[in-house]
Structure formats: structure tokens, C-alpha cells
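J.: The file below is query26.cif, mmCIF, C-alpha atoms and all ligand atoms:
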data_query
loop_
_atom_site.label_atom_id
_atom_site.label_comp_id
_atom_site.auth_asym_id
_atom_site.auth_seq_id
_atom_site.Cartn_x
_atom_site.Cartn_y
_atom_site.Cartn_z
CA MET A 1 -28.17 -15.44 48.20
CA SER A 2 -30.34 -16.91 50.90
CA GLN A 3 -29.88 -15.67 54.46
CA ALA A 4 -28.92 -19.21 55.50
CA LEU A 5 -25.90 -19.27 53.20
CA ARG A 6 -24.52 -15.87 54.12
CA PRO A 7 -22.64 -16.76 57.34
CA ALA A 8 -20.95 -19.67 55.59
CA HIS A 9 -19.65 -17.39 52.85
CA ASP A 10 -18.57 -14.80 55.44
CA GLN A 11 -16.64 -17.40 57.38
CA ARG A 12 -15.11 -18.84 54.23
CA PHE A 13 -13.99 -15.36 53.20
CA SER A 14 -12.40 -14.63 56.62
CA ASP A 15 -10.66 -18.02 56.64
CA LEU A 16 -9.37 -17.48 53.12
CA ILE A 17 -7.92 -14.02 53.88
CA ARG A 18 -6.34 -15.29 57.09
CA SER A 19 -4.73 -18.27 55.43
CA ARG A 20 -3.45 -16.26 52.45
CA THR A 21 -2.29 -13.10 54.27
CA GLY A 22 -2.30 -13.79 58.00
CA ILE A 23 -4.68 -10.85 58.40
CA GLN A 24 -7.48 -11.53 60.84
CA LEU A 25 -10.89 -10.14 60.00
CA PRO A 26 -12.95 -10.27 63.17
CA VAL A 27 -16.70 -9.83 62.86
CA HIS A 28 -16.66 -6.36 64.43
CA ARG A 29 -14.54 -5.14 61.50
CA ARG A 30 -17.10 -6.29 58.93
CA GLN A 31 -18.21 -2.73 58.16
CA MET A 32 -14.63 -1.68 57.46
CA ILE A 33 -14.18 -4.71 55.19
CA GLU A 34 -17.30 -3.93 53.22
CA SER A 35 -16.38 -0.29 52.78
CA ARG A 36 -12.85 -1.15 51.61
CA LEU A 37 -14.20 -3.65 49.09
CA ARG A 38 -16.80 -1.24 47.72
CA PRO A 39 -14.75 -0.42 44.57
CA ARG A 40 -14.55 -4.13 43.71
CA ILE A 41 -18.21 -4.74 44.52
CA ALA A 42 -19.08 -1.94 42.09
CA ALA A 43 -16.54 -3.08 39.47
CA VAL A 44 -18.01 -6.57 39.18
CA GLY A 45 -21.57 -5.22 39.31
CA ALA A 46 -22.49 -7.16 42.46
CA THR A 47 -25.36 -6.09 44.65
CA GLY A 48 -23.64 -5.58 47.98
CA PHE A 49 -21.03 -7.56 49.86
CA GLU A 50 -23.05 -10.78 49.93
CA GLY A 51 -23.50 -10.67 46.17
CA TYR A 52 -19.77 -10.10 45.78
CA LEU A 53 -18.91 -13.13 47.94
CA GLU A 54 -21.32 -15.16 45.88
CA GLN A 55 -19.50 -14.09 42.69
CA LEU A 56 -16.15 -15.01 44.27
CA PHE A 57 -17.14 -18.42 45.56
CA ASP A 58 -19.97 -19.57 43.32
CA HIS A 59 -19.17 -17.93 39.98
CA GLY A 60 -15.43 -18.50 39.66
CA LEU A 61 -14.22 -14.94 40.23
CA LEU A 62 -11.95 -15.77 43.15
CA ASP A 63 -8.60 -16.20 41.39
CA ASP A 64 -8.91 -12.93 39.46
CA GLU A 65 -10.23 -10.91 42.38
CA LEU A 66 -8.01 -12.16 45.20
CA PRO A 67 -4.94 -9.97 44.56
CA LEU A 68 -7.21 -6.90 44.31
CA VAL A 69 -9.06 -7.88 47.48
CA ILE A 70 -5.78 -8.32 49.36
CA ASP A 71 -4.60 -4.91 48.19
CA LEU A 72 -7.77 -3.30 49.50
CA LEU A 73 -7.80 -5.14 52.82
CA THR A 74 -4.25 -4.34 53.88
CA THR A 75 -3.73 -1.35 56.15
CA ASN A 76 -0.86 0.58 54.63
CA LYS A 77 -0.39 3.51 57.00
CA THR A 78 3.24 4.49 57.21
CA ASP A 79 5.35 7.63 57.67
CA PHE A 80 8.86 8.85 57.08
CA TYR A 81 10.79 8.73 60.38
CA ARG A 82 8.01 6.68 62.01
CA GLU A 83 9.13 5.53 65.46
CA SER A 84 12.33 7.44 64.86
CA ALA A 85 14.23 5.91 67.80
CA HIS A 86 14.86 2.87 65.56
CA PHE A 87 16.73 5.01 63.06
CA ASP A 88 18.83 6.44 65.91
CA VAL A 89 19.78 2.89 66.93
CA LEU A 90 20.65 2.17 63.29
CA VAL A 91 23.00 5.13 62.96
CA ASP A 92 24.35 5.55 66.49
CA LYS A 93 24.86 1.89 67.34
CA ILE A 94 24.61 -0.51 64.42
CA VAL A 95 26.68 1.44 61.89
CA PRO A 96 29.69 2.05 64.20
CA GLU A 97 29.51 -1.50 65.54
CA THR A 98 29.44 -3.01 62.04
CA ILE A 99 32.39 -0.90 60.98
CA ARG A 100 34.37 -1.86 64.10
CA HIS A 101 33.92 -5.57 63.43
CA ALA A 102 34.58 -5.40 59.71
CA THR A 103 37.56 -6.85 57.87
CA PRO A 104 39.95 -4.34 56.23
CA HIS A 105 37.26 -3.75 53.57
CA ALA A 106 34.44 -1.30 54.22
CA PRO A 107 31.40 -3.34 55.28
CA ARG A 108 28.14 -3.50 53.38
CA LEU A 109 25.04 -3.24 55.54
CA LYS A 110 22.01 -5.24 54.44
CA ILE A 111 18.68 -3.82 55.54
CA TRP A 112 15.26 -5.39 54.98
CA SER A 113 12.03 -3.47 55.36
CA ALA A 114 9.75 -6.50 55.55
CA ALA A 115 6.34 -4.81 55.36
CA SER A 116 7.45 -1.76 53.48
CA SER A 117 4.08 -0.36 52.38
CA GLU A 118 4.74 2.59 50.05
CA GLY A 119 8.43 2.84 50.94
CA ALA A 120 8.72 5.53 53.63
CA GLU A 121 10.51 3.16 56.04
CA ALA A 122 13.03 1.97 53.44
CA TYR A 123 13.77 5.49 52.19
CA THR A 124 14.09 6.84 55.74
CA ALA A 125 16.73 4.17 56.35
CA ALA A 126 18.44 5.20 53.10
CA ILE A 127 18.45 8.86 54.13
CA VAL A 128 19.91 8.26 57.59
CA LEU A 129 22.52 5.82 56.26
CA SER A 130 23.55 8.24 53.51
CA GLU A 131 23.92 10.93 56.15
CA ALA A 132 26.14 8.58 58.21
CA GLN A 133 28.31 8.13 55.10
CA ARG A 134 28.51 11.90 54.66
CA ALA A 135 29.59 12.15 58.30
CA GLY A 136 32.62 10.03 57.41
CA HIS A 137 31.63 6.46 58.29
CA ARG A 138 33.10 4.09 55.72
CA PHE A 139 30.49 1.52 54.69
CA SER A 140 28.02 0.85 51.92
CA TYR A 141 24.47 -0.35 52.20
CA ALA A 142 21.67 -2.08 50.30
CA ILE A 143 18.01 -1.98 51.27
CA LEU A 144 15.28 -4.42 50.31
CA GLY A 145 11.63 -3.46 50.74
CA THR A 146 8.95 -6.16 50.51
CA ASP A 147 5.19 -6.14 50.87
CA ILE A 148 2.16 -8.21 49.93
CA SER A 149 0.41 -5.23 48.30
CA HIS A 150 1.26 -4.76 44.62
CA ARG A 151 -0.35 -1.32 44.75
CA MET A 152 1.97 -0.20 47.57
CA LEU A 153 5.03 -1.69 45.87
CA GLU A 154 4.26 0.28 42.71
CA ARG A 155 4.12 3.48 44.75
CA ALA A 156 7.32 2.57 46.58
CA ARG A 157 9.18 2.06 43.30
CA ARG A 158 7.84 5.33 41.91
CA ALA A 159 9.06 7.08 45.10
CA ILE A 160 6.95 10.19 44.60
CA TYR A 161 5.51 11.68 47.78
CA THR A 162 3.39 14.67 48.69
CA ALA A 163 4.79 17.57 50.70
CA GLU A 164 2.66 16.39 53.61
CA GLN A 165 4.09 12.87 53.47
CA LEU A 166 7.62 14.29 53.36
CA SER A 167 7.03 16.76 56.19
CA PRO A 168 8.71 14.56 58.87
CA VAL A 169 11.95 14.68 56.83
CA PRO A 170 14.10 17.60 58.07
CA ALA A 171 14.14 20.44 55.48
CA GLU A 172 17.88 20.15 54.85
CA LEU A 173 17.56 16.43 54.08
CA ARG A 174 14.48 16.97 51.95
CA ALA A 175 16.52 19.40 49.88
CA ARG A 176 19.38 16.90 49.59
CA TYR A 177 17.44 13.70 48.94
CA THR A 178 14.30 14.70 47.04
CA MET A 179 13.60 16.54 43.77
CA ALA A 180 10.48 18.70 43.46
CA GLY A 181 8.04 17.63 40.73
CA ARG A 182 8.12 20.08 37.80
CA ALA A 183 5.23 18.88 35.67
CA PRO A 184 1.88 20.50 36.58
CA SER A 185 0.53 17.02 37.28
CA HIS A 186 3.25 16.59 39.94
CA ALA A 187 2.85 19.98 41.60
CA GLY A 188 3.27 19.73 45.36
CA THR A 189 5.11 16.41 45.16
CA ALA A 190 8.76 15.43 45.26
CA ARG A 191 10.64 12.32 44.21
CA ILE A 192 13.43 10.55 46.06
CA VAL A 193 16.71 11.23 44.22
CA PRO A 194 18.09 8.48 41.92
CA GLU A 195 21.22 7.97 44.09
CA LEU A 196 18.96 6.80 46.93
CA ARG A 197 16.49 4.92 44.73
CA ASP A 198 19.42 2.92 43.33
CA ARG A 199 20.15 1.57 46.81
CA VAL A 200 16.60 0.44 47.51
CA GLN A 201 14.89 -2.46 45.75
CA PHE A 202 11.28 -3.51 46.16
CA MET A 203 9.93 -7.02 45.73
CA HIS A 204 6.61 -8.75 46.31
CA LEU A 205 6.76 -11.07 49.34
CA ASN A 206 4.02 -12.62 51.42
CA LEU A 207 5.09 -13.08 55.05
CA MET A 208 2.80 -16.15 55.22
CA ASP A 209 5.00 -18.02 52.73
CA SER A 210 6.96 -20.82 54.36
CA THR A 211 10.27 -19.63 52.88
CA TYR A 212 11.48 -16.22 51.73
CA PRO A 213 13.81 -15.63 48.76
CA VAL A 214 15.99 -13.27 50.81
CA ASP A 215 19.64 -13.46 51.96
CA ARG A 216 20.29 -15.14 55.28
CA ASP A 217 22.89 -12.67 56.54
CA VAL A 218 20.76 -9.54 56.84
CA ASP A 219 22.05 -6.97 59.38
CA VAL A 220 18.77 -5.27 60.24
CA ILE A 221 15.16 -6.26 59.64
CA PHE A 222 12.39 -3.73 60.10
CA LEU A 223 9.22 -5.74 60.75
CA ARG A 224 7.10 -2.94 62.06
CA ASN A 225 3.37 -2.52 62.44
CA VAL A 226 2.39 -5.67 60.61
CA LEU A 227 2.50 -8.39 63.29
CA ILE A 228 -0.49 -6.71 64.97
CA TYR A 229 -2.73 -7.90 62.14
CA PHE A 230 -1.76 -11.57 62.59
CA GLY A 231 -2.85 -14.21 65.09
CA PRO A 232 -0.36 -15.61 67.67
CA GLU A 233 0.62 -18.67 65.61
CA ASP A 234 1.33 -16.68 62.48
CA GLN A 235 3.23 -14.06 64.52
CA ALA A 236 5.50 -16.73 66.00
CA ALA A 237 6.06 -18.40 62.62
CA VAL A 238 7.01 -15.10 60.94
CA ILE A 239 9.42 -14.19 63.75
CA ALA A 240 11.06 -17.63 63.54
CA ARG A 241 11.54 -17.22 59.78
CA MET A 242 12.91 -13.70 60.26
CA ALA A 243 15.43 -15.01 62.81
CA GLY A 244 16.67 -17.36 60.08
CA HIS A 245 17.42 -14.41 57.79
CA LEU A 246 19.45 -12.38 60.29
CA ARG A 247 23.19 -12.80 60.68
CA PRO A 248 24.29 -13.66 64.24
CA GLY A 249 24.26 -10.31 66.05
CA GLY A 250 21.75 -8.89 63.53
CA TYR A 251 18.83 -6.73 64.70
CA LEU A 252 15.05 -7.05 64.44
CA MET A 253 12.96 -3.91 64.91
CA VAL A 254 9.24 -4.31 65.53
CA GLY A 255 6.54 -1.68 66.13
CA HIS A 256 6.42 -0.27 69.65
CA SER A 257 3.13 -2.01 70.34
CA GLU A 258 4.49 -5.34 69.08
CA SER A 259 7.40 -6.00 71.47
CA MET A 260 5.40 -8.50 73.51
CA VAL A 261 4.98 -10.67 70.46
CA VAL A 262 8.68 -11.41 70.00
CA SER A 263 9.43 -14.57 71.90
CA HIS A 264 12.08 -16.67 70.24
CA PRO A 265 15.07 -18.46 71.79
CA GLN A 266 17.55 -16.72 69.49
CA MET A 267 16.12 -13.21 69.79
CA LYS A 268 17.20 -11.22 72.87
CA GLN A 269 15.70 -7.84 73.67
CA HIS A 270 18.22 -5.05 73.15
CA SER A 271 16.04 -2.00 73.84
CA PRO A 272 12.31 -1.25 73.59
CA SER A 273 11.06 -2.98 70.40
CA VAL A 274 14.61 -3.81 69.25
CA PHE A 275 15.83 -7.43 69.38
CA ARG A 276 19.19 -8.95 68.62
CA LYS A 277 19.95 -12.42 67.30
CA THR A 278 22.32 -14.36 69.51
C1 LIG B 301 0.66 -0.55 58.62
S1 LIG B 301 1.76 -0.95 57.28
C2 LIG B 301 3.33 -0.78 58.07
C3 LIG B 301 4.35 -0.11 57.18
C4 LIG B 301 5.71 0.14 57.82
N1 LIG B 301 6.36 -1.09 58.21
C5 LIG B 301 5.59 1.06 58.99
O1 LIG B 301 5.72 0.63 60.13
O2 LIG B 301 5.35 2.26 58.77
C6 LIG B 301 1.57 -2.74 57.18
C7 LIG B 301 2.02 -3.31 55.84
O3 LIG B 301 2.08 -4.73 55.97
C8 LIG B 301 1.69 -5.30 54.74
N2 LIG B 301 1.28 -6.69 54.94
C9 LIG B 301 0.15 -7.16 55.55
N3 LIG B 301 0.13 -8.50 55.52
C10 LIG B 301 1.26 -8.89 54.89
C11 LIG B 301 1.80 -10.15 54.54
N4 LIG B 301 1.17 -11.28 54.82
N5 LIG B 301 2.99 -10.18 53.88
C12 LIG B 301 3.64 -9.03 53.58
N6 LIG B 301 3.17 -7.81 53.87
C13 LIG B 301 1.99 -7.74 54.52
C14 LIG B 301 0.56 -4.40 54.26
O4 LIG B 301 0.35 -4.49 52.88
C15 LIG B 301 1.05 -3.02 54.70
O5 LIG B 301 1.68 -2.32 53.66
#
Written as C-alpha cells, that's how I'd like the structure from this file.
Ligand SMILES: C[S@@+](CC[C@H](N)C(=O)[O-])C[C@H]1O[C@@H](n2cnc3c(N)ncnc32)[C@H](O)[C@@H]1O

T.:
Amino acid sequence: MSQALRPAHDQRFSDLIRSRTGIQLPVHRRQMIESRLRPRIAAVGATGFEGYLEQLFDHGLLDDELPLVIDLLTTNKTDFYRESAHFDVLVDKIVPETIRHATPHAPRLKIWSAASSEGAEAYTAAIVLSEAQRAGHRFSYAILGTDISHRMLERARRAIYTAEQLSPVPAELRARYTMAGRAPSHAGTARIVPELRDRVQFMHLNLMDSTYPVDRDVDVIFLRNVLIYFGPEDQAAVIARMAGHLRPGGYLMVGHSESMVVSHPQMKQHSPSVFRKT
């Protein structure tokens, strides 16, 4: 590819990723982008990043490569009990409040982990809600995890984690809610127990889509550590769509560094990084 064409391809690539995923790829992150795409560059036999872009745009590889590119460009860092104050709000405030306002039937809490990565957030919610049930609260719950990354969704459904990943889970709860891997190939790993896995479903969903195939009476949405990758317009559009999926009085939890981003007439701040729909 000639030097003159390169910036045009670069820009086209950035624009494409932003429009398809919301993720912004500023120029100073170019090295990170290239290193993440290295497996694909090698797989298609391209000579370097420029050669790869040329194959995408000039040789018809784009449609086949795009899902793989998106998988590699997403940042999937997550942890069990990440920003654990949110799970305290869930159990100490939202569960009792939902039960108080319920009809004679035990209520069913609907939780949505809207950028679920490999599932730690959804399963942490399942663990703390199951513990609330054990403590005597009468309710049931269903959790939906969604993400744009097929690779992360596969891992989330498998629900097998290393001892290190599970280390934030208190030992007693690890013993109750995970099963150690027996096969030599699974040494040092543990799987979330079926009773919890049955309560958690995972589905592919792109937050940039204009509508989401999700219920519109969700009690709690976790939308954490994903807005930071989007530009202001996309952030506002996603929050507006999320507001449409919460029941009145439902809660939106964002990452602690993302509170400033939530500005919507129906969303009132409840506590740091927790918002409530009016
Ligand atoms: C840093 S992880 C956050 C995981 C979890 N919410 C947490 O706080 O630990 C961000 C996740 O957002 C997902 N993501 C990025 N853009 C997305 C989009 N447009 N639609 C859905 N998920 C997206 C990524 O694939 C990634 O798994």
C-alpha cells in the first residue's frame, strides 16, 4: 500500500469500529490496536497492520473478519465482586424494598448485566442474591448477561474460572457456589454450580443497536466500565435506551469513573454511581 493511502485506511478503520461498536480508537492507541490484531494479521498472512487493512477494505475480507476484530479490540477486564458497594446496595436496599412493595406473591427480580464480559458481574449478582434467599428473603431472580464479544459470551456460558479469578469470592461462598474441576485439563479451575448457572442467561447484544430485545421492566441494570470507551453522543444514547428498559424505581449502576456521564431527565442519582429511574 502506498504511504498516501495509509491514513485514509486508518481513518476508515477507526470510523468503522466506532460506528459498529461505539469504541473510540484514538491515534495514540494505535500501537495497542496493532498488537491486539496481531493474531488476525498473521492468520490472513498480511504483512503488518497496513497490509491487513488493505485486505479488509480492498480484498473483500471485511465481513468475515469484523466479528473477530471486534472481539480482539474490546477490553474485557472484569472481576468477581468488582466495585462491591453495588452488590451491597443490591442486597441491603433493593431486595428488601422490592419485597416490601410486592403483591402477596414473592417478587421476581430482573437483573441485567449489560456489558457482562466473561460473566463475573452476573455470577457475583447471582451469588449475593442466592445468599439473600438463604438469609430468609422471599423472592426469586433472573439474570441476563449481554456483551458484544462472542468470545467472552462463550466463556461466560462455560462459567469455568481459575482460582485467581475466583479469589475475591469469600471462601465459604466459593465452596457453596463453585465445583472444583476434576479432569487434569481443568486442574486449578472451578465451575459455577448448575443451580446458579440456571438463573443466568447470556445473549449477544450490541449496545450501539437502536433497540434491544430485552424486557422493559428490569429492576437493576449493571452498565459498568463500558461507557468509558464511547464518545459523549453514544454514551447519552445508550443511557437513554437503558432508561427505557428499567421499571419506574429501577436502578442503573455504572462504573465509579462513569457517574459524570449519566445525565438523563428520568435518572436521579441515588448514591455514588447508582441512579434510580423516576
Ligand atoms: C471492561 S469490560 C466490563 C465488564 C463488567 N461490566 C465489569 O465492570 O467488570 C467491558 C465490556 O464491554 C463490552 N462492550 C464493548 N462495547 C460494547 C458494545 N458496543 N455492546 C456491548 N458490549 C460492549 C466488551 O466486550 C467488554 O466485555

J.: My list of candidates is A:Glu131, A:Glu83, A:Asp88, A:Asp219. Which is closest to ligand LIG 301 (chain B) when distances are computed with only C-alpha atoms and all ligand atoms?

T.: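 That would be A:Glu83, the residue with the smallest distance to ligand LIG 301 (chain B).
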
J.: Let me have all residues with an atom within 7 Å of ligand LIG 301 (chain B), counting only C-alpha atoms and all ligand atoms, laid out as a ChimeraX atom specification.

T.: /A:21-23,71,74-79,82,113-118,120-121,146-149,152,205-208,222-226,255

J.: For each of A:Arg30, A:His256, A:Ala85, A:Pro265, take the minimum atom-to-atom distance to A:Ala240, counting all atoms listed in the file, then give the residue where this is smallest.

T.: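 For A:Ala240, the nearest of the candidates is A:Pro265.
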
J.: Taking all atoms of stretch 155-168 of chain A that the file lists and extending 8 Å past them on each side, where is the centre of the axis-aligned box and how long are its edges? Answer in Å to one decimal, as JSON.

T.:
{"center_x": 5.9, "center_y": 9.8, "center_z": 50.4, "size_x": 22.5, "size_y": 31.5, "size_z": 33.0}

J.: When distances are computed from all atoms listed in the file, which of A:Arg176, A:Lys268, A:Val220, A:Val274 shows the smallest separation from A:Val254?

T.: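 Selected residue with least distance to A:Val254: A:Val274.
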
J.: Which polymer residues, protein or nucleic acid, are no farther than 12 Å from (35.4, 0.4, 48.4), counting all atoms listed in the file, as a compact mmCIF listing (two decimals) with C-alpha atoms, in the frame of the given file?

T.:
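In the end it all went to part.txt:
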# COMPACT_ATOMS: atom_id res chain seq x y z
CA PRO A 104 39.95 -4.34 56.23
CA HIS A 105 37.26 -3.75 53.57
CA ALA A 106 34.44 -1.30 54.22
CA PRO A 107 31.40 -3.34 55.28
CA ARG A 108 28.14 -3.50 53.38
CA ARG A 138 33.10 4.09 55.72
CA PHE A 139 30.49 1.52 54.69
CA SER A 140 28.02 0.85 51.92
CA TYR A 141 24.47 -0.35 52.20

J.: Using atom CA of A:Arg20 and atom CA of A:Asp234 as the two end points, give the distance in Å to one decimal.

T.: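 A separation of 11.1 Å between them.
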
J.: Which residue gives the smallest distance to A:Ile94 among A:Ala122, A:His264, A:His137, A:Gly145, with all atoms listed in the file counted?

T.: A:His137

J.: Residues within 9 Å of A:Leu68, please, as a list in words. Count all atoms listed in the file; anything in the same chain fewer than 5 positions from it doesn't count.

T.: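 Close residues of A:Leu68: Arg40, Leu73, Ser149, His150 and Arg151 of chain A.
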
J.: Any chance you could export the current selection's C-alpha atoms as a PDB file, in the frame of the given file?

T.:
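Result written to result35.pdb:
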ATOM      1  CA  ARG A  40     -14.550  -4.130  43.710  1.00  0.00           C
ATOM      2  CA  LEU A  73      -7.800  -5.140  52.820  1.00  0.00           C
ATOM      3  CA  SER A 149       0.410  -5.230  48.300  1.00  0.00           C
ATOM      4  CA  HIS A 150       1.260  -4.760  44.620  1.00  0.00           C
ATOM      5  CA  ARG A 151      -0.350  -1.320  44.750  1.00  0.00           C
TER       6      ARG A 151
END

J.: I want to know what sits within 7 Å of A:Gly181, based on only C-alpha atoms, with residues of the same chain fewer than 6 positions away left out; could you give that as a VMD selection string?

T.: chain A and resid 187 to 191

J.: Please identify all polymer residues within 8 Å of A:Phe80, counting all atoms listed in the file, omitting same-chain residues fewer than 4 positions from it, and present them as a list of chain:residue names.

T.: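 Close residues of A:Phe80: A:Ala120, A:Glu121, A:Tyr123, A:Thr124, A:Gln165, A:Leu166, A:Pro168, A:Val169.
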
J.: Which residue is closest to A:Ala125? Choose from A:Thr98, A:Phe87, A:Ala142, A:Gln31 and count all atoms listed in the file.

T.: A:Phe87

J.: Which residue gives the smallest distance to A:Val91 among A:Ala156, A:Thr178, A:Asp198, A:Val128, with all atoms listed in the file counted?

T.: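 Once distances to A:Val91 are computed over all atoms listed in the file, the minimum belongs to A:Val128.
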
J.: Quick one, how far is atom CA of A:Leu129 from atom CA of A:Ala175?

T.: 16.2 Å

J.: Tell me, in Å to one decimal, how far atom CA of A:Phe230 is from atom CA of A:Leu90.

T.: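 Between these atoms lies a distance of 26.3 Å.
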